Amino acid sequence: MEKIFGNFIDGKIDQEGEKIEMISPSDGSVIGYCIGSDRNTVDNAVNSSLDALNKISKINLKERQKLLLKLADIIESKSEIYSNYESLNTGKTIRQSSFMDIPLGIEHIRYFGKVNDYKESREIEHPEYPGTRGIIQYVPMGVVAAIAPWNVPFLMAVWKIIPALLAGNSLVLKPSHYTPLTALELARDIEDAGFPDGSVNVIAGKGSTTGNYLIENKKINMISFTGSTSTGKKVMEKASKNLKKVTLELGGKSPNIVFDDADIERSVKGVLFGIYLNSGQLCESGSRLILSNKIRNKFLERMKHYLDNMVPGNPMDFNTDISAITNSEQLDKIKDLMGSGINDGANVYYSKDLKNNVPGKGFYYPPTLLTNVRPDMKIFNEEIFGPVLSVTTFDTDNEAIEMANSTEYGLAAGIWTNDMNRAYKIASNIQAGTVWINDYHLLSAAAPRGGFKMSGIGRELGLEGIYEFTQTRHLFYGNPESGLSDAAYQLLIKE
Ligand code: NAD
């Protein structure tokens with residue numbers, strides 16, 4: 001029987017609308033259908049979120065935090081369901097969903113449930129007007145439209161929904177039509193945790209239709225977008241028509257710089273984790289290895305050793321190490337960019353043999369290591385969003401910094417060295433929103449993340465991420481005794 005995963009609008013499941021087939025990337029089978037939401041559905045969802053704002057405002061910050069902690073417990077009790085949905089939909093290994101994406105998302109909800117540093121207002125003094133008093137209020141933006149990509153759908157939904165709810169907003173989330181399952185489940189659980197109907201509506205659909213209708217809806221006050229840089233530009237352009245606030249979390253081509261004094265075993269593993277986790281389909285994937293010439297050969301040999309040991313297979317099997325590619329369009333993009341790299345003279349140093357080890361109808365790309373990559377090549381500069389690592393080498397620290405900063409992106413970077421002074425100096429010169437030192441990919445809800453340059457505008461997570469979902473209101477309390485206003489009024493008004 002056909003399984004339809006309906007939208008979640010105003011506390012109810014809505015199955016009305018065009019059916020969009022969802023294919024399992026692991027084996028090509030049909031998982032079921034989600035809904036391609038039309039303009040009417042989008043408008044209903046936005047109206048429901050608008051109605052919810054008033055109800056949310058009656059739940060104070062501490063109570064909202066309690067509801068978030070309850071939500072975390074609900075999800076934890078169902079984490080197997082979430083992990084299965086996430087892997088079924090994205091093709092990421094069930095080990096990754098079960099031990100990373102879902103538990104990390106739960107921890108991130110708990111962070112927002114417990115954070116004490118976020119305040120809804122603060123007092124100020126006006127130095128120009130002694131004796132007066134000011135209050136700065138952090139007021140919710142209103143109805144937020146959240147638009148998310150397909151690579152980490154659960155985490156993405158958490159990162160957008162939870163801080164926005166904490167700050168008193170309501171949301172309409174449009175997950176990618178490839179991967180809406182965990183976001184739909186999350187919306188139901190948010191309701192079960194006690195948030196009012198319409199606090200979070202989740203509607204599926206494609207970007208060119210549903211995403212577009214959402215941006216065009218005048219009742220939306222803010223768009224929180226994550227996706228590719230090219231789509232981000234379009235979203236910003238469209239949002240400018242109604243002057244909506246926009247935050248953009250976009251693409252990357254992040255460097256991992258390994259110095260000659262690095263712990264080789266640890267850095268080899270970190271670089272592998274940086275690029276091959278989720279088969280390279282993570283915005284901050286370390287897709288450029290910038291490697292000291294002094295250790296090049298030894299380092300690549302060790303990488304080869306661990307690549308040989310990686311187990312291909314069906315990602316739904318707990319033994320499998322290598323994730324599928326989430327959709328066939330992405331697979332084509334990886335092949336195209338690889339083709340350009342080869343044409344430009346890159347050398348395939350390693351390509352894992354996946355043949356006969358993965359389900360025939362699934363979408364897979366072999367973990368690949370490319371050497372002889374030069375900074376002028378497309379493969380060095382463009383986001384591949386796949387399991388392909390481009391290797392370039394350097395001799396001096398300045399050369400490494402220059403190479404790391406030479407793309408138009410600035411999302412993340414990794415630095416591998418045992419010299420912490422060197423690490424701090426280099427990290428402070430990297431144009432990126434996150435720099436890991438002797439680690440990679442470890443995300444904390446306490447730390448803002450986002451991009452420099454073409455990797456985005458604004459921040460997600462951390463206190464900064466909560467404040468993104470607010471606007472300030474300044475209350476100025478005049479003080480007649482100060483006499484200052486009388487002096488000011490005399491500029492215009494004579495007694
Ligand atoms: P995408 O830009 O194609 O789509 C992202 C979302 O935007 C989807 O929901 C899509 O339906 C929607 N969309 C597409 N066109 C639209 C339009 N014209 N109007 C409104 N909405 C539209 O990206 P993707 O292929 O889903 O995801 C991969 C990209 O996401 C990569 O570039 C990756 O780096 C980026 N990403 C960034 C981060 C980050 O935090 N910086 C995290 C994950 C992924």
# chains A, B, ... in the order shown; residues from 1 in each chain; ligands from 1

call {"tool": "residues_near_ligand", "arguments": {"ligand": "ligand 1", "cutoff": "7 Å", "atoms": "only C-alpha atoms and all ligand atoms", "output": "ChimeraX atom specification"}}
result
/A:147-152,174-177,205-208,211-212,215,226-232,234-235,249-252,282-284,383,385,411,450-451,455-456

call {"tool": "residues_around", "arguments": {"residues": "A:Lys12", "least_positions_apart": "3", "cutoff": "10 Å", "atoms": "only C-alpha atoms", "output": "number ranges by chain"}}
result
A: 6-9, 15, 188, 191, 197-198, 201

call {"tool": "write_last_selection", "arguments": {"atoms": "N, CA, C and O atoms", "output": "PDB file, in the first residue's frame"}}
result
ATOM      1  N   GLY A   6       1.962  13.030   5.071  1.00  0.00           N
ATOM      2  CA  GLY A   6       1.297  14.321   4.849  1.00  0.00           C
ATOM      3  C   GLY A   6       2.015  15.471   5.542  1.00  0.00           C
ATOM      4  O   GLY A   6       2.898  15.278   6.385  1.00  0.00           O
ATOM      5  N   ASN A   7       1.609  16.682   5.181  1.00  0.00           N
ATOM      6  CA  ASN A   7       2.112  17.876   5.870  1.00  0.00           C
ATOM      7  C   ASN A   7       1.573  17.906   7.291  1.00  0.00           C
ATOM      8  O   ASN A   7       0.576  17.237   7.603  1.00  0.00           O
ATOM      9  N   PHE A   8       2.187  18.712   8.128  1.00  0.00           N
ATOM     10  CA  PHE A   8       1.668  18.896   9.491  1.00  0.00           C
ATOM     11  C   PHE A   8       1.310  20.369   9.646  1.00  0.00           C
ATOM     12  O   PHE A   8       2.185  21.237   9.736  1.00  0.00           O
ATOM     13  N   ILE A   9       0.005  20.638   9.620  1.00  0.00           N
ATOM     14  CA  ILE A   9      -0.459  22.034   9.646  1.00  0.00           C
ATOM     15  C   ILE A   9      -1.511  22.202  10.737  1.00  0.00           C
ATOM     16  O   ILE A   9      -2.504  21.459  10.768  1.00  0.00           O
ATOM     17  N   GLN A  15      -3.028  15.593   3.979  1.00  0.00           N
ATOM     18  CA  GLN A  15      -2.492  14.825   2.846  1.00  0.00           C
ATOM     19  C   GLN A  15      -2.929  15.382   1.500  1.00  0.00           C
ATOM     20  O   GLN A  15      -2.707  14.758   0.463  1.00  0.00           O
ATOM     21  N   ARG A 188       5.138  16.907  14.950  1.00  0.00           N
ATOM     22  CA  ARG A 188       4.112  16.226  15.770  1.00  0.00           C
ATOM     23  C   ARG A 188       4.548  16.157  17.229  1.00  0.00           C
ATOM     24  O   ARG A 188       3.767  16.369  18.146  1.00  0.00           O
ATOM     25  N   GLU A 191       4.172  19.373  19.170  1.00  0.00           N
ATOM     26  CA  GLU A 191       2.772  19.512  19.612  1.00  0.00           C
ATOM     27  C   GLU A 191       2.537  18.651  20.871  1.00  0.00           C
ATOM     28  O   GLU A 191       1.947  19.107  21.850  1.00  0.00           O
ATOM     29  N   ASP A 197      -1.106  24.576  18.821  1.00  0.00           N
ATOM     30  CA  ASP A 197      -1.294  24.299  17.385  1.00  0.00           C
ATOM     31  C   ASP A 197      -0.707  25.443  16.561  1.00  0.00           C
ATOM     32  O   ASP A 197      -0.928  26.615  16.882  1.00  0.00           O
ATOM     33  N   GLY A 198      -0.011  25.077  15.504  1.00  0.00           N
ATOM     34  CA  GLY A 198       0.482  26.104  14.588  1.00  0.00           C
ATOM     35  C   GLY A 198       1.821  26.708  14.995  1.00  0.00           C
ATOM     36  O   GLY A 198       2.401  27.478  14.229  1.00  0.00           O
ATOM     37  N   ASN A 201       4.590  24.565  11.819  1.00  0.00           N
ATOM     38  CA  ASN A 201       3.945  23.839  10.720  1.00  0.00           C
ATOM     39  C   ASN A 201       5.038  23.362   9.773  1.00  0.00           C
ATOM     40  O   ASN A 201       5.968  24.125   9.467  1.00  0.00           O
TER      41      ASN A 201
END

call {"tool": "residues_around", "arguments": {"residues": "A:Asp344", "least_positions_apart": "2", "cutoff": "12 Å", "atoms": "only C-alpha atoms", "output": "JSON, numbers by chain"}}
result
{"A": [337, 338, 339, 340, 341, 342, 346, 347, 370, 371, 372, 373, 374, 375, 376, 377, 378, 379, 380]}

call {"tool": "residues_around", "arguments": {"residues": "A:Gly131", "least_positions_apart": "5", "cutoff": "12 Å", "atoms": "only C-alpha atoms", "output": "list in words"}}
result
Ile124, Glu125, His126, Phe476, Tyr477, Gly478, Asn479, Pro480, Glu481, Ser482, Gly483, Leu484 and Ser485 of chain A

call {"tool": "closest_residue", "arguments": {"among": "A:Glu464, A:Gly362, A:Leu389, A:Gly194", "to": "A:Glu63", "atoms": "only C-alpha atoms"}}
result
A:Gly194

call {"tool": "closest_residue", "arguments": {"among": "A:Ile295, A:Ala146, A:Pro196, A:Lys70", "to": "A:Phe225", "atoms": "only C-alpha atoms"}}
result
A:Ala146

call {"tool": "select_by_dssp", "arguments": {"residues": "stretch 52-130 of chain A", "states": "alpha helix (DSSP H)", "output": "PyMOL selection string"}}
result
chain A and resi 52-57+61-77+79-90+94-96+102-114

call {"tool": "closest_atom_pairs", "arguments": {"of": "stretch 279-396 of chain A", "to": "stretch 92-108 of chain A", "cutoff": "10 Å", "atoms": "only C-alpha atoms", "output": "JSON lines"}}
result
{"residue": "A:Ser279", "atom": "CA", "partner": "A:Lys92", "partner_atom": "CA", "distance": 7.9}
{"residue": "A:Gln281", "atom": "CA", "partner": "A:Lys92", "partner_atom": "CA", "distance": 9.4}
{"residue": "A:Gly313", "atom": "CA", "partner": "A:Thr93", "partner_atom": "CA", "distance": 9.3}
{"residue": "A:Asn314", "atom": "CA", "partner": "A:Thr93", "partner_atom": "CA", "distance": 8.0}
{"residue": "A:Pro315", "atom": "CA", "partner": "A:Thr93", "partner_atom": "CA", "distance": 4.2}
{"residue": "A:Met316", "atom": "CA", "partner": "A:Ile94", "partner_atom": "CA", "distance": 5.2}
{"residue": "A:Asp317", "atom": "CA", "partner": "A:Ile94", "partner_atom": "CA", "distance": 6.7}
{"residue": "A:Phe318", "atom": "CA", "partner": "A:Arg95", "partner_atom": "CA", "distance": 5.8}
{"residue": "A:Asn319", "atom": "CA", "partner": "A:Arg95", "partner_atom": "CA", "distance": 8.0}
{"residue": "A:Thr320", "atom": "CA", "partner": "A:Thr93", "partner_atom": "CA", "distance": 6.6}
{"residue": "A:Asp321", "atom": "CA", "partner": "A:Thr93", "partner_atom": "CA", "distance": 6.6}
{"residue": "A:Ile322", "atom": "CA", "partner": "A:Thr93", "partner_atom": "CA", "distance": 6.7}
{"residue": "A:Ser323", "atom": "CA", "partner": "A:Lys92", "partner_atom": "CA", "distance": 4.4}
{"residue": "A:Ala324", "atom": "CA", "partner": "A:Lys92", "partner_atom": "CA", "distance": 6.0}
{"residue": "A:Ile325", "atom": "CA", "partner": "A:Lys92", "partner_atom": "CA", "distance": 7.9}
{"residue": "A:Thr326", "atom": "CA", "partner": "A:Lys92", "partner_atom": "CA", "distance": 7.8}

call {"tool": "select_by_dssp", "arguments": {"residues": "stretch 204-307 of chain A", "states": "strand (DSSP E)", "output": "list in words"}}
result
Met222, Ile223, Ser224, Phe225, Thr226, Lys245, Val246, Thr247, Leu248, Glu249, Pro255, Asn256, Ile257, Val258, Arg288, Leu289, Ile290, Leu291 and Ser292 of chain A

call {"tool": "write_last_selection", "arguments": {"atoms": "C-alpha atoms", "output": "mmCIF file, in the first residue's frame"}}
result
data_model
loop_
_atom_site.group_PDB
_atom_site.id
_atom_site.type_symbol
_atom_site.label_atom_id
_atom_site.label_comp_id
_atom_site.auth_asym_id
_atom_site.auth_seq_id
_atom_site.Cartn_x
_atom_site.Cartn_y
_atom_site.Cartn_z
ATOM 1 C CA MET A 222 12.026 36.391 8.458
ATOM 2 C CA ILE A 223 13.555 33.697 6.292
ATOM 3 C CA SER A 224 16.063 31.327 7.804
ATOM 4 C CA PHE A 225 17.585 29.562 4.812
ATOM 5 C CA THR A 226 20.144 26.781 4.540
ATOM 6 C CA LYS A 245 15.083 39.629 7.369
ATOM 7 C CA VAL A 246 17.230 36.842 5.914
ATOM 8 C CA THR A 247 19.825 34.542 7.407
ATOM 9 C CA LEU A 248 21.742 32.345 4.993
ATOM 10 C CA GLU A 249 23.770 29.230 5.806
ATOM 11 C CA PRO A 255 40.366 23.337 4.006
ATOM 12 C CA ASN A 256 42.058 20.924 6.371
ATOM 13 C CA ILE A 257 45.635 22.144 6.871
ATOM 14 C CA VAL A 258 48.096 19.543 8.152
ATOM 15 C CA ARG A 288 40.516 20.375 0.480
ATOM 16 C CA LEU A 289 43.518 18.802 2.148
ATOM 17 C CA ILE A 290 46.359 21.315 2.367
ATOM 18 C CA LEU A 291 49.272 19.142 3.303
ATOM 19 C CA SER A 292 52.866 19.912 4.308
#

call {"tool": "residues_around", "arguments": {"residues": "A:Glu460", "least_positions_apart": "5", "cutoff": "8 Å", "atoms": "only C-alpha atoms", "output": "PDB file with C-alpha atoms, in the first residue's frame"}}
result
ATOM      1  CA  TRP A 159      18.739  24.231  14.524  1.00  0.00           C
ATOM      2  CA  LYS A 160      16.002  26.303  12.930  1.00  0.00           C
ATOM      3  CA  GLU A 249      23.770  29.230   5.806  1.00  0.00           C
ATOM      4  CA  PRO A 448      27.444  30.080  16.737  1.00  0.00           C
ATOM      5  CA  ARG A 449      28.054  28.623  13.301  1.00  0.00           C
ATOM      6  CA  GLY A 450      27.891  30.272   9.927  1.00  0.00           C
ATOM      7  CA  GLY A 465      21.732  32.157  16.906  1.00  0.00           C
ATOM      8  CA  ILE A 466      18.867  32.879  19.321  1.00  0.00           C
ATOM      9  CA  GLU A 468      18.988  36.215  15.136  1.00  0.00           C
TER      10      GLU A 468
END

call {"tool": "atom_distance", "arguments": {"atom1": "atom CA of A:Asn398", "atom2": "atom CA of A:Arg296"}}
result
17.8 Å
